[in-house]
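Source file coords-v9.cif; content: mmCIF, C-alpha atoms.
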data_input
#
loop_
_atom_site.label_atom_id
_atom_site.label_comp_id
_atom_site.auth_asym_id
_atom_site.auth_seq_id
_atom_site.Cartn_x
_atom_site.Cartn_y
_atom_site.Cartn_z
CA MET L 1 0.00 0.00 0.00
CA SER L 2 1.20 3.47 -0.84
CA GLY L 3 2.45 5.21 2.28
CA TYR L 4 2.61 1.96 4.27
CA GLN L 5 5.81 0.34 3.01
CA PHE L 6 7.66 -1.43 5.81
CA GLU L 7 10.40 -3.99 6.22
CA SER L 8 8.81 -5.95 9.07
CA LEU L 9 5.10 -5.30 8.48
CA ALA L 10 2.63 -5.93 5.66
CA VAL L 11 -0.25 -3.45 5.68
CA THR L 12 -3.43 -4.00 3.64
CA ARG L 13 -7.07 -2.88 3.48
CA PRO L 14 -9.02 -6.15 3.25
CA ARG L 15 -12.40 -4.54 3.99
CA GLU L 16 -13.93 -1.08 3.69
CA HIS L 17 -12.67 1.15 6.55
CA VAL L 18 -10.62 -1.77 7.92
CA MET L 19 -6.83 -2.04 7.91
CA GLN L 20 -4.80 -5.19 8.58
CA VAL L 21 -1.29 -4.92 10.03
CA GLU L 22 0.57 -8.19 9.74
CA MET L 23 3.94 -8.99 11.27
CA ASN L 24 5.76 -10.17 8.17
CA ARG L 25 8.95 -12.04 9.03
CA PRO L 26 7.64 -15.61 8.77
CA GLU L 27 11.10 -17.02 8.10
CA LYS L 28 12.16 -15.61 11.51
CA ARG L 29 8.90 -16.61 13.25
CA ASN L 30 7.95 -12.92 13.27
CA ALA L 31 10.66 -12.18 15.81
CA MET L 32 10.71 -8.50 16.72
CA ASN L 33 13.84 -6.90 15.26
CA ARG L 34 14.96 -3.26 15.31
CA ALA L 35 12.92 -2.42 12.23
CA PHE L 36 9.75 -3.78 13.88
CA TRP L 37 10.13 -1.66 17.02
CA ARG L 38 10.47 1.47 14.90
CA GLU L 39 7.93 0.64 12.21
CA MET L 40 5.06 -0.20 14.57
CA VAL L 41 5.19 3.35 15.89
CA GLU L 42 5.31 4.83 12.38
CA CYS L 43 2.49 2.56 11.20
CA PHE L 44 0.03 3.18 14.03
CA GLN L 45 0.69 6.91 14.12
CA ALA L 46 -0.22 6.97 10.42
CA ILE L 47 -3.33 4.84 11.01
CA ALA L 48 -4.44 7.11 13.84
CA ALA L 49 -4.35 10.05 11.43
CA GLU L 50 -6.03 8.16 8.56
CA PRO L 51 -9.60 9.55 8.30
CA ASP L 52 -11.02 6.59 6.37
CA VAL L 53 -9.80 3.84 8.74
CA ARG L 54 -12.17 2.84 11.55
CA ALA L 55 -10.80 -0.49 12.82
CA VAL L 56 -7.55 -2.47 12.67
CA VAL L 57 -6.66 -6.16 12.76
CA VAL L 58 -3.18 -7.24 13.88
CA SER L 59 -1.95 -10.66 12.75
CA GLY L 60 1.20 -12.68 12.12
CA ALA L 61 2.34 -14.21 8.83
CA GLY L 62 3.43 -17.82 8.62
CA LYS L 63 3.28 -20.63 11.15
CA ILE L 64 3.10 -18.61 14.39
CA PHE L 65 1.94 -15.21 15.62
CA THR L 66 5.32 -14.18 17.03
CA ALA L 67 8.32 -15.62 18.84
CA GLY L 68 8.85 -12.29 20.61
CA LEU L 69 12.10 -10.37 20.83
CA ASP L 70 14.74 -11.03 18.16
CA LEU L 71 17.66 -11.35 20.57
CA GLY L 72 20.27 -11.73 17.85
CA ASP L 73 19.27 -8.47 16.19
CA MET L 74 18.52 -6.51 19.35
CA MET L 75 21.50 -7.17 21.62
CA GLY L 76 23.47 -4.33 20.07
CA SER L 77 20.70 -1.90 21.04
CA LEU L 78 20.59 -3.15 24.64
CA LEU L 79 24.30 -3.28 25.49
CA MET L 80 25.76 0.11 26.43
CA GLU L 81 29.47 0.91 26.24
CA GLY L 82 31.40 2.14 29.26
CA ALA L 83 32.36 0.92 32.72
CA ASP L 84 30.09 3.02 34.93
CA THR L 85 26.74 1.35 35.60
CA ALA L 86 24.87 4.60 36.28
CA ARG L 87 26.03 6.19 33.04
CA LYS L 88 25.09 3.12 31.04
CA ALA L 89 21.66 3.13 32.71
CA ILE L 90 21.08 6.77 31.77
CA LYS L 91 21.90 5.92 28.15
CA LEU L 92 19.68 2.83 28.12
CA THR L 93 16.57 4.38 29.69
CA PRO L 94 15.49 6.36 26.58
CA THR L 95 15.90 3.20 24.48
CA ILE L 96 13.57 1.24 26.77
CA ARG L 97 11.03 4.05 26.62
CA GLN L 98 11.17 3.98 22.83
CA PHE L 99 10.47 0.24 22.91
CA GLN L 100 7.52 0.84 25.26
CA GLU L 101 6.03 3.26 22.74
CA THR L 102 5.98 0.46 20.14
CA PHE L 103 2.96 -1.03 21.93
CA SER L 104 1.61 2.03 23.72
CA VAL L 105 1.01 3.51 20.26
CA ILE L 106 -1.64 0.80 19.73
CA GLU L 107 -3.43 1.90 22.86
CA LYS L 108 -3.10 5.57 21.88
CA CYS L 109 -4.56 4.91 18.44
CA PRO L 110 -8.24 5.91 18.71
CA LYS L 111 -9.32 3.20 16.25
CA PRO L 112 -10.16 -0.17 17.88
CA VAL L 113 -7.42 -2.77 17.35
CA ILE L 114 -8.19 -6.51 17.24
CA ALA L 115 -5.43 -9.10 17.70
CA ALA L 116 -5.88 -12.35 15.74
CA VAL L 117 -3.47 -14.79 17.38
CA HIS L 118 -2.50 -18.20 16.00
CA SER L 119 -0.06 -20.72 17.44
CA ALA L 120 2.73 -19.19 19.57
CA CYS L 121 2.46 -15.75 21.17
CA VAL L 122 5.63 -15.38 23.20
CA GLY L 123 7.29 -12.59 25.18
CA GLY L 124 6.80 -9.36 23.27
CA GLY L 125 3.73 -10.91 21.66
CA VAL L 126 1.94 -10.76 25.02
CA ASP L 127 3.04 -7.13 25.42
CA LEU L 128 1.55 -6.44 21.99
CA ILE L 129 -1.83 -8.11 22.43
CA THR L 130 -2.46 -6.67 25.89
CA ALA L 131 -2.23 -3.21 24.28
CA CYS L 132 -4.96 -4.22 21.80
CA ASP L 133 -8.66 -3.70 22.48
CA ILE L 134 -9.91 -7.17 21.59
CA ARG L 135 -8.07 -10.50 21.37
CA LEU L 136 -9.14 -13.61 19.44
CA CYS L 137 -7.11 -16.79 19.00
CA THR L 138 -6.96 -20.23 17.44
CA GLN L 139 -7.49 -23.44 19.38
CA ASP L 140 -3.77 -24.27 19.01
CA ALA L 141 -2.67 -20.87 20.32
CA TRP L 142 -0.39 -20.70 23.34
CA PHE L 143 1.03 -17.81 25.30
CA GLN L 144 4.11 -17.27 27.42
CA ILE L 145 5.53 -14.32 29.36
CA LYS L 146 9.07 -15.36 28.53
CA GLU L 147 11.19 -12.54 29.92
CA VAL L 148 12.24 -14.09 33.25
CA ASP L 149 13.74 -17.00 31.32
CA ILE L 150 16.17 -14.63 29.61
CA GLY L 151 17.07 -12.79 32.81
CA LEU L 152 14.94 -9.68 32.72
CA ALA L 153 11.61 -8.26 33.84
CA ALA L 154 9.10 -7.61 31.07
CA ASP L 155 9.35 -3.87 30.48
CA VAL L 156 7.15 -2.91 27.53
CA GLY L 157 3.62 -3.40 28.87
CA THR L 158 2.69 -6.92 30.00
CA LEU L 159 3.27 -6.34 33.72
CA GLN L 160 1.23 -3.15 33.63
CA ARG L 161 -1.62 -4.22 31.32
CA LEU L 162 -2.15 -7.96 31.85
CA PRO L 163 -3.45 -7.71 35.46
CA LYS L 164 -6.03 -5.16 34.32
CA VAL L 165 -6.98 -7.14 31.22
CA ILE L 166 -7.66 -10.39 33.10
CA GLY L 167 -8.71 -8.89 36.45
CA ASN L 168 -6.66 -11.44 38.38
CA ASP L 169 -3.48 -10.03 39.90
CA SER L 170 -2.48 -13.33 41.50
CA LEU L 171 -2.63 -15.25 38.21
CA ALA L 172 -0.83 -12.46 36.33
CA ARG L 173 2.01 -12.62 38.87
CA GLU L 174 2.16 -16.42 38.65
CA LEU L 175 2.50 -16.30 34.88
CA ALA L 176 5.09 -13.52 34.98
CA PHE L 177 7.20 -15.07 37.77
CA THR L 178 7.25 -18.61 36.34
CA SER L 179 7.16 -18.08 32.57
CA ARG L 180 4.57 -20.86 32.48
CA ARG L 181 3.11 -21.55 29.06
CA PHE L 182 -0.69 -21.45 28.90
CA GLU L 183 -3.05 -22.60 26.16
CA ALA L 184 -6.05 -21.09 24.40
CA GLU L 185 -8.72 -22.47 26.75
CA GLU L 186 -6.98 -21.07 29.83
CA ALA L 187 -6.45 -17.76 28.03
CA LYS L 188 -10.21 -17.60 27.40
CA GLN L 189 -11.08 -18.60 30.97
CA MET L 190 -8.89 -15.83 32.40
CA GLY L 191 -10.31 -13.26 29.98
CA LEU L 192 -7.21 -12.66 27.88
CA VAL L 193 -9.07 -13.65 24.71
CA SER L 194 -12.76 -13.35 23.86
CA ARG L 195 -13.20 -16.30 21.52
CA ILE L 196 -11.36 -19.32 20.11
CA TYR L 197 -11.45 -20.46 16.46
CA PRO L 198 -10.32 -23.66 14.71
CA ASP L 199 -7.39 -22.28 12.70
CA ARG L 200 -5.59 -19.19 11.40
CA GLU L 201 -7.95 -18.70 8.47
CA ALA L 202 -10.99 -18.82 10.74
CA VAL L 203 -9.62 -16.43 13.36
CA LEU L 204 -8.58 -13.92 10.68
CA GLU L 205 -12.01 -14.08 9.08
CA ALA L 206 -13.67 -13.60 12.47
CA ALA L 207 -11.40 -10.67 13.30
CA LEU L 208 -12.13 -9.00 9.96
CA ASP L 209 -15.88 -9.59 10.38
CA LEU L 210 -15.74 -8.02 13.83
CA ALA L 211 -13.69 -5.09 12.52
CA THR L 212 -16.23 -4.62 9.72
CA THR L 213 -19.08 -4.50 12.25
CA ILE L 214 -17.21 -1.93 14.33
CA ALA L 215 -16.43 0.08 11.18
CA SER L 216 -20.15 0.24 10.36
CA LYS L 217 -20.78 2.28 13.52
CA SER L 218 -20.25 6.00 13.97
CA PRO L 219 -16.49 6.63 14.11
CA ILE L 220 -17.17 9.50 16.50
CA ALA L 221 -19.01 7.16 18.88
CA VAL L 222 -16.57 4.24 18.60
CA GLN L 223 -13.42 6.28 19.01
CA GLY L 224 -14.94 8.23 21.88
CA THR L 225 -15.80 4.91 23.54
CA LYS L 226 -12.23 3.63 23.22
CA ILE L 227 -10.72 6.85 24.52
CA SER L 228 -13.10 6.85 27.49
CA MET L 229 -12.48 3.19 28.36
CA VAL L 230 -8.69 3.56 28.22
CA TYR L 231 -8.89 6.68 30.40
CA SER L 232 -11.29 5.08 32.88
CA ARG L 233 -9.06 2.03 33.32
CA ASP L 234 -6.39 4.20 34.94
CA HIS L 235 -8.66 6.60 36.86
CA SER L 236 -11.44 6.48 39.43
CA VAL L 237 -15.07 5.99 38.40
CA GLN L 238 -15.81 9.64 39.16
CA GLU L 239 -12.85 10.85 37.12
CA GLY L 240 -13.99 8.65 34.25
CA LEU L 241 -17.51 10.06 34.44
CA GLU L 242 -16.20 13.61 34.40
CA HIS L 243 -13.97 12.80 31.45
CA VAL L 244 -16.78 11.32 29.34
CA ALA L 245 -19.13 14.17 30.32
CA LEU L 246 -16.65 16.68 28.95
CA TRP L 247 -16.10 14.53 25.86
CA ASN L 248 -19.81 14.14 25.10
CA SER L 249 -20.58 17.80 25.73
CA THR L 250 -18.97 18.36 22.34
CA MET L 251 -19.42 14.99 20.62
CA LEU L 252 -23.18 14.77 21.21
CA GLN L 253 -23.44 17.66 18.79
CA SER L 254 -22.11 15.42 16.02
CA GLU L 255 -24.17 14.84 12.89
CA ASP L 256 -23.69 11.12 13.57
CA VAL L 257 -26.22 11.23 16.42
CA VAL L 258 -28.95 12.56 14.13
CA GLU L 259 -28.03 10.11 11.36
CA ALA L 260 -28.09 7.12 13.72
CA VAL L 261 -31.51 8.08 15.14
CA GLN L 262 -33.01 8.74 11.70
CA ALA L 263 -31.63 5.49 10.30
CA GLY L 264 -33.16 3.58 13.18
CA MET L 265 -36.55 5.17 12.66
CA GLN L 266 -36.40 4.57 8.91
CA LYS L 267 -35.11 0.99 9.35
CA ARG L 268 -32.09 1.54 7.13
CA LYS L 269 -28.34 1.24 7.52
CA PRO L 270 -26.81 4.51 8.78
CA GLU L 271 -24.19 6.25 6.65
CA PHE L 272 -21.40 8.05 8.45
CA SER L 273 -18.90 10.36 6.77
CA LYS L 274 -15.17 9.93 7.30
CA LEU L 275 -13.48 11.97 9.98
#
Could you spell out this file's structure in structure tokens?
Amino acid sequence: MSGYQFESLAVTRPREHVMQVEMNRPEKRNAMNRAFWREMVECFQAIAAEPDVRAVVVSGAGKIFTAGLDLGDMMGSLLMEGADTARKAIKLTPTIRQFQETFSVIEKCPKPVIAAVHSACVGGGVDLITACDIRLCTQDAWFQIKEVDIGLAADVGTLQRLPKVIGNDSLARELAFTSRRFEAEEAKQMGLVSRIYPDREAVLEAALDLATTIASKSPIAVQGTKISMVYSRDHSVQEGLEHVALWNSTMLQSEDVVEAVQAGMQKRKPEFSKL
């Protein structure tokens, strides 16, 4: 696609108002190299500003969703020169924050993002999907918070988002402390994924169908809903109510409200203009 040319990602528009972002290093099991960490930010910032896109599906090419961090490619970015630990830490901190933005940009994107997971979702893959709005997977999918096995604490989102996604702090800690692999059925039981499908083709089709349904709604209403839910997750109920009151004091004046009401009365499909 013009304007969406990347080394590690394949970006397409499979449905009207729907964009698909696919990790595209199947020969490397979609391991996350330096290009990936940079290009995800560029891609989702562009999608956020794209007026005709209303929903996004994230997927992985090939046999698995992702093997997580590409250690061979990334070690050079993580090892700082010099003897003084404090000075090396000061140099490394901005790099870690840049990596965090790779997944935070998904959360900041006002368009709903659906993860379609098949087979393995390891390490950084869990960081990625917990930043998404909705997660679907195949029956052979499995998940693993792998970081403790390579001597580090997960630092790009899993430890902060997973407990809130599943609503079970004890289980989140167990999975993070032990690096225990868990399968699709357990992921559904804990609330990490919404639904399970037979294979990659089926989960992609379901994700695209869901994205199409979301894209048929008012983009003003859907994006306002996402922004409010993300804000409310990290604030009190009262703060969330005040936030959405301020938001709707302007957004209720949208032409989409009138169009939705009229379409309902006339028993027709509403038509919403692009942003």
Taking the file as I've supplied it (selection: the PyMOL selection byres ((chain L and resi 133) around 7)), which residues are included? Please answer as a PDB file with C-alpha atoms, in the frame of the given file.
ATOM      1  CA  PRO L 112     -10.160  -0.170  17.880  1.00  0.00           C
ATOM      2  CA  VAL L 113      -7.420  -2.770  17.350  1.00  0.00           C
ATOM      3  CA  ILE L 114      -8.190  -6.510  17.240  1.00  0.00           C
ATOM      4  CA  ALA L 131      -2.230  -3.210  24.280  1.00  0.00           C
ATOM      5  CA  CYS L 132      -4.960  -4.220  21.800  1.00  0.00           C
ATOM      6  CA  ILE L 134      -9.910  -7.170  21.590  1.00  0.00           C
ATOM      7  CA  ARG L 135      -8.070 -10.500  21.370  1.00  0.00           C
TER       8      ARG L 135
END
Please write as a tab-separated table (two decimals) with C-alpha atoms, in the coordinates of the input the full residue list that the PyMOL selection byres ((chain L and resi 108) around 9) yields on this file.
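Written output follows (result.tsv):
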chain	number	residue	atom	x	y	z
L	44	PHE	CA	0.03	3.18	14.03
L	45	GLN	CA	0.69	6.91	14.12
L	48	ALA	CA	-4.44	7.11	13.84
L	103	PHE	CA	2.96	-1.03	21.93
L	104	SER	CA	1.61	2.03	23.72
L	105	VAL	CA	1.01	3.51	20.26
L	106	ILE	CA	-1.64	0.80	19.73
L	107	GLU	CA	-3.43	1.90	22.86
L	109	CYS	CA	-4.56	4.91	18.44
L	110	PRO	CA	-8.24	5.91	18.71
L	111	LYS	CA	-9.32	3.20	16.25
L	227	ILE	CA	-10.72	6.85	24.52
L	230	VAL	CA	-8.69	3.56	28.22
Which residues of segment 104-203 of chain L sit at most 10 Å from segment 19-38 of chain L, using only C-alpha atoms? Give each one's shortest atom pair and distance in Å (one decimal place), in chain and ascending residue order, as CSV.
residue,atom,partner,partner_atom,distance
L:Val113,CA,L:Gln20,CA,9.5
L:Ile114,CA,L:Gln20,CA,9.4
L:Ala115,CA,L:Val21,CA,9.7
L:Ala116,CA,L:Glu22,CA,9.7
L:Ala120,CA,L:Arg29,CA,9.2
L:Val122,CA,L:Ala31,CA,9.5
L:Gly123,CA,L:Ala31,CA,10.0
L:Gly124,CA,L:Met32,CA,7.7
L:Gly125,CA,L:Met32,CA,8.9
Close residues, segment 203-207 of chain L itself excluded, 7 Å, all atoms listed in the file, min 4 positions apart in chain, as a list in words: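 Returned residues: Val57, Ile114, Ala116, Leu136, Cys137, Thr138, Tyr197, Asp199 and Ala211 of chain L.
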Pick from L:Ser236, L:Ser218, L:Gln223, L:Thr85, whichever lies nearest to Lys274 of chain L using only C-alpha atoms: L:Ser218
For Gln144 of chain L: contacts at 8 Å, all atoms listed in the file, fewer than 4 positions along chain excluded, given as an NGL selection string: :L and (121-123 or 126 or 175 or 179-182)
Suppose we keep C-alpha atoms; can you now write the selection as a PDB file, in the coordinates of the input?
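Okay, part28.pdb is ready:
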ATOM      1  CA  CYS L 121       2.460 -15.750  21.170  1.00  0.00           C
ATOM      2  CA  VAL L 122       5.630 -15.380  23.200  1.00  0.00           C
ATOM      3  CA  GLY L 123       7.290 -12.590  25.180  1.00  0.00           C
ATOM      4  CA  VAL L 126       1.940 -10.760  25.020  1.00  0.00           C
ATOM      5  CA  LEU L 175       2.500 -16.300  34.880  1.00  0.00           C
ATOM      6  CA  SER L 179       7.160 -18.080  32.570  1.00  0.00           C
ATOM      7  CA  ARG L 180       4.570 -20.860  32.480  1.00  0.00           C
ATOM      8  CA  ARG L 181       3.110 -21.550  29.060  1.00  0.00           C
ATOM      9  CA  PHE L 182      -0.690 -21.450  28.900  1.00  0.00           C
TER      10      PHE L 182
END
Please write as a short mmCIF file (atom, residue, chain, number, x, y, z; two decimals) with C-alpha atoms, in the frame of the given file the full residue list that the PyMOL selection byres ((chain L and resi 271) around 12) yields on this file.
data_model
loop_
_atom_site.label_atom_id
_atom_site.label_comp_id
_atom_site.auth_asym_id
_atom_site.auth_seq_id
_atom_site.Cartn_x
_atom_site.Cartn_y
_atom_site.Cartn_z
CA ALA L 215 -16.43 0.08 11.18
CA SER L 216 -20.15 0.24 10.36
CA LYS L 217 -20.78 2.28 13.52
CA SER L 218 -20.25 6.00 13.97
CA PRO L 219 -16.49 6.63 14.11
CA GLU L 255 -24.17 14.84 12.89
CA ASP L 256 -23.69 11.12 13.57
CA VAL L 257 -26.22 11.23 16.42
CA VAL L 258 -28.95 12.56 14.13
CA GLU L 259 -28.03 10.11 11.36
CA ALA L 260 -28.09 7.12 13.72
CA VAL L 261 -31.51 8.08 15.14
CA GLN L 262 -33.01 8.74 11.70
CA ALA L 263 -31.63 5.49 10.30
CA GLY L 264 -33.16 3.58 13.18
CA ARG L 268 -32.09 1.54 7.13
CA LYS L 269 -28.34 1.24 7.52
CA PRO L 270 -26.81 4.51 8.78
CA PHE L 272 -21.40 8.05 8.45
CA SER L 273 -18.90 10.36 6.77
CA LYS L 274 -15.17 9.93 7.30
#
Under the rule of at most 7 Å, produce a per-residue listing of segment 179-256 of chain L near segment 161-172 of chain L: chain, number, name, the closest pair of atoms, and the distance in Å, as a Markdown table, using only C-alpha atoms.
| residue | atom | partner | partner_atom | distance |
| --- | --- | --- | --- | --- |
| L:Met190 | CA | L:Ile166 | CA | 5.6 |
| L:Gly191 | CA | L:Ile166 | CA | 5.0 |
| L:Leu192 | CA | L:Ile166 | CA | 5.7 |
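Note that the spacing between atom CA of Ser59 of chain L and atom CA of Ile96 of chain L amounts to 24.1 Å.
Distances here use only C-alpha atoms; by that measure, the residue among L:Ile220, L:Val56, L:Val41, L:Ile214 closest to Val11 of chain L is L:Val56.
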Residue neighbourhood Gly240 of chain L, 12 Å, all atoms listed in the file, exclusion window fewer than 4 positions, as a list in words: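 Neighbouring residues, sequence-local ones excluded: Thr225, Ile227, Ser228, Met229, Val230, Tyr231, Ser232, Arg233, Asp234, His235, Ser236, Val244, Ala245, Leu246 and Trp247 of chain L.
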Length of the atom CA of Gln100 of chain L to atom CA of Cys43 of chain L vector [Å]: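 Between atom CA of Gln100 of chain L and atom CA of Cys43 of chain L the gap works out to 15.0 Å.
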Local residues around (-10.0, 8.4, 6.4), at most 10 Å away, using all atoms listed in the file, as a PyMOL selection string: chain L and resi 17+47-54+273-275
Two-atom distance - atom CA of Arg15 of chain L, atom CA of Ala55 of chain L (Å):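 One can read the atom CA of Arg15 of chain L to atom CA of Ala55 of chain L distance as 9.8 Å.
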Would you mind listing what lies within 10 Å of Ala154 of chain L as a tab-separated table (two decimals) with C-alpha atoms, in the coordinates of the input, with all atoms listed in the file counted and same-chain residues fewer than 3 positions away left out?
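The result, stored in part_8.tsv:
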chain	number	residue	atom	x	y	z
L	123	GLY	CA	7.29	-12.59	25.18
L	124	GLY	CA	6.80	-9.36	23.27
L	126	VAL	CA	1.94	-10.76	25.02
L	127	ASP	CA	3.04	-7.13	25.42
L	145	ILE	CA	5.53	-14.32	29.36
L	146	LYS	CA	9.07	-15.36	28.53
L	147	GLU	CA	11.19	-12.54	29.92
L	148	VAL	CA	12.24	-14.09	33.25
L	151	GLY	CA	17.07	-12.79	32.81
L	157	GLY	CA	3.62	-3.40	28.87
L	158	THR	CA	2.69	-6.92	30.00
L	159	LEU	CA	3.27	-6.34	33.72
L	160	GLN	CA	1.23	-3.15	33.63
L	176	ALA	CA	5.09	-13.52	34.98
Using all atoms listed in the file: which of L:Asp155, L:Gln266, L:Thr250, L:Phe143 has the shortest distance to Thr93 of chain L: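 Of all the options, L:Asp155 lies closest to Thr93 of chain L.
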Selection near Arg200 of chain L, 10 Å with all atoms listed in the file, sequence-local residues under 6 positions removed, as JSON, numbers by chain: {"L": [59, 60, 61, 62, 63, 64, 65, 116, 117, 118, 119, 137, 138, 139, 140, 141, 206]}
Residue nearest Ala10 of chain L - candidates L:Val58, L:Ala153, L:Ala83, L:Ala46, atoms counted: only C-alpha atoms: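 Looking at the shortest contact to Ala10 of chain L, the residue is L:Val58.
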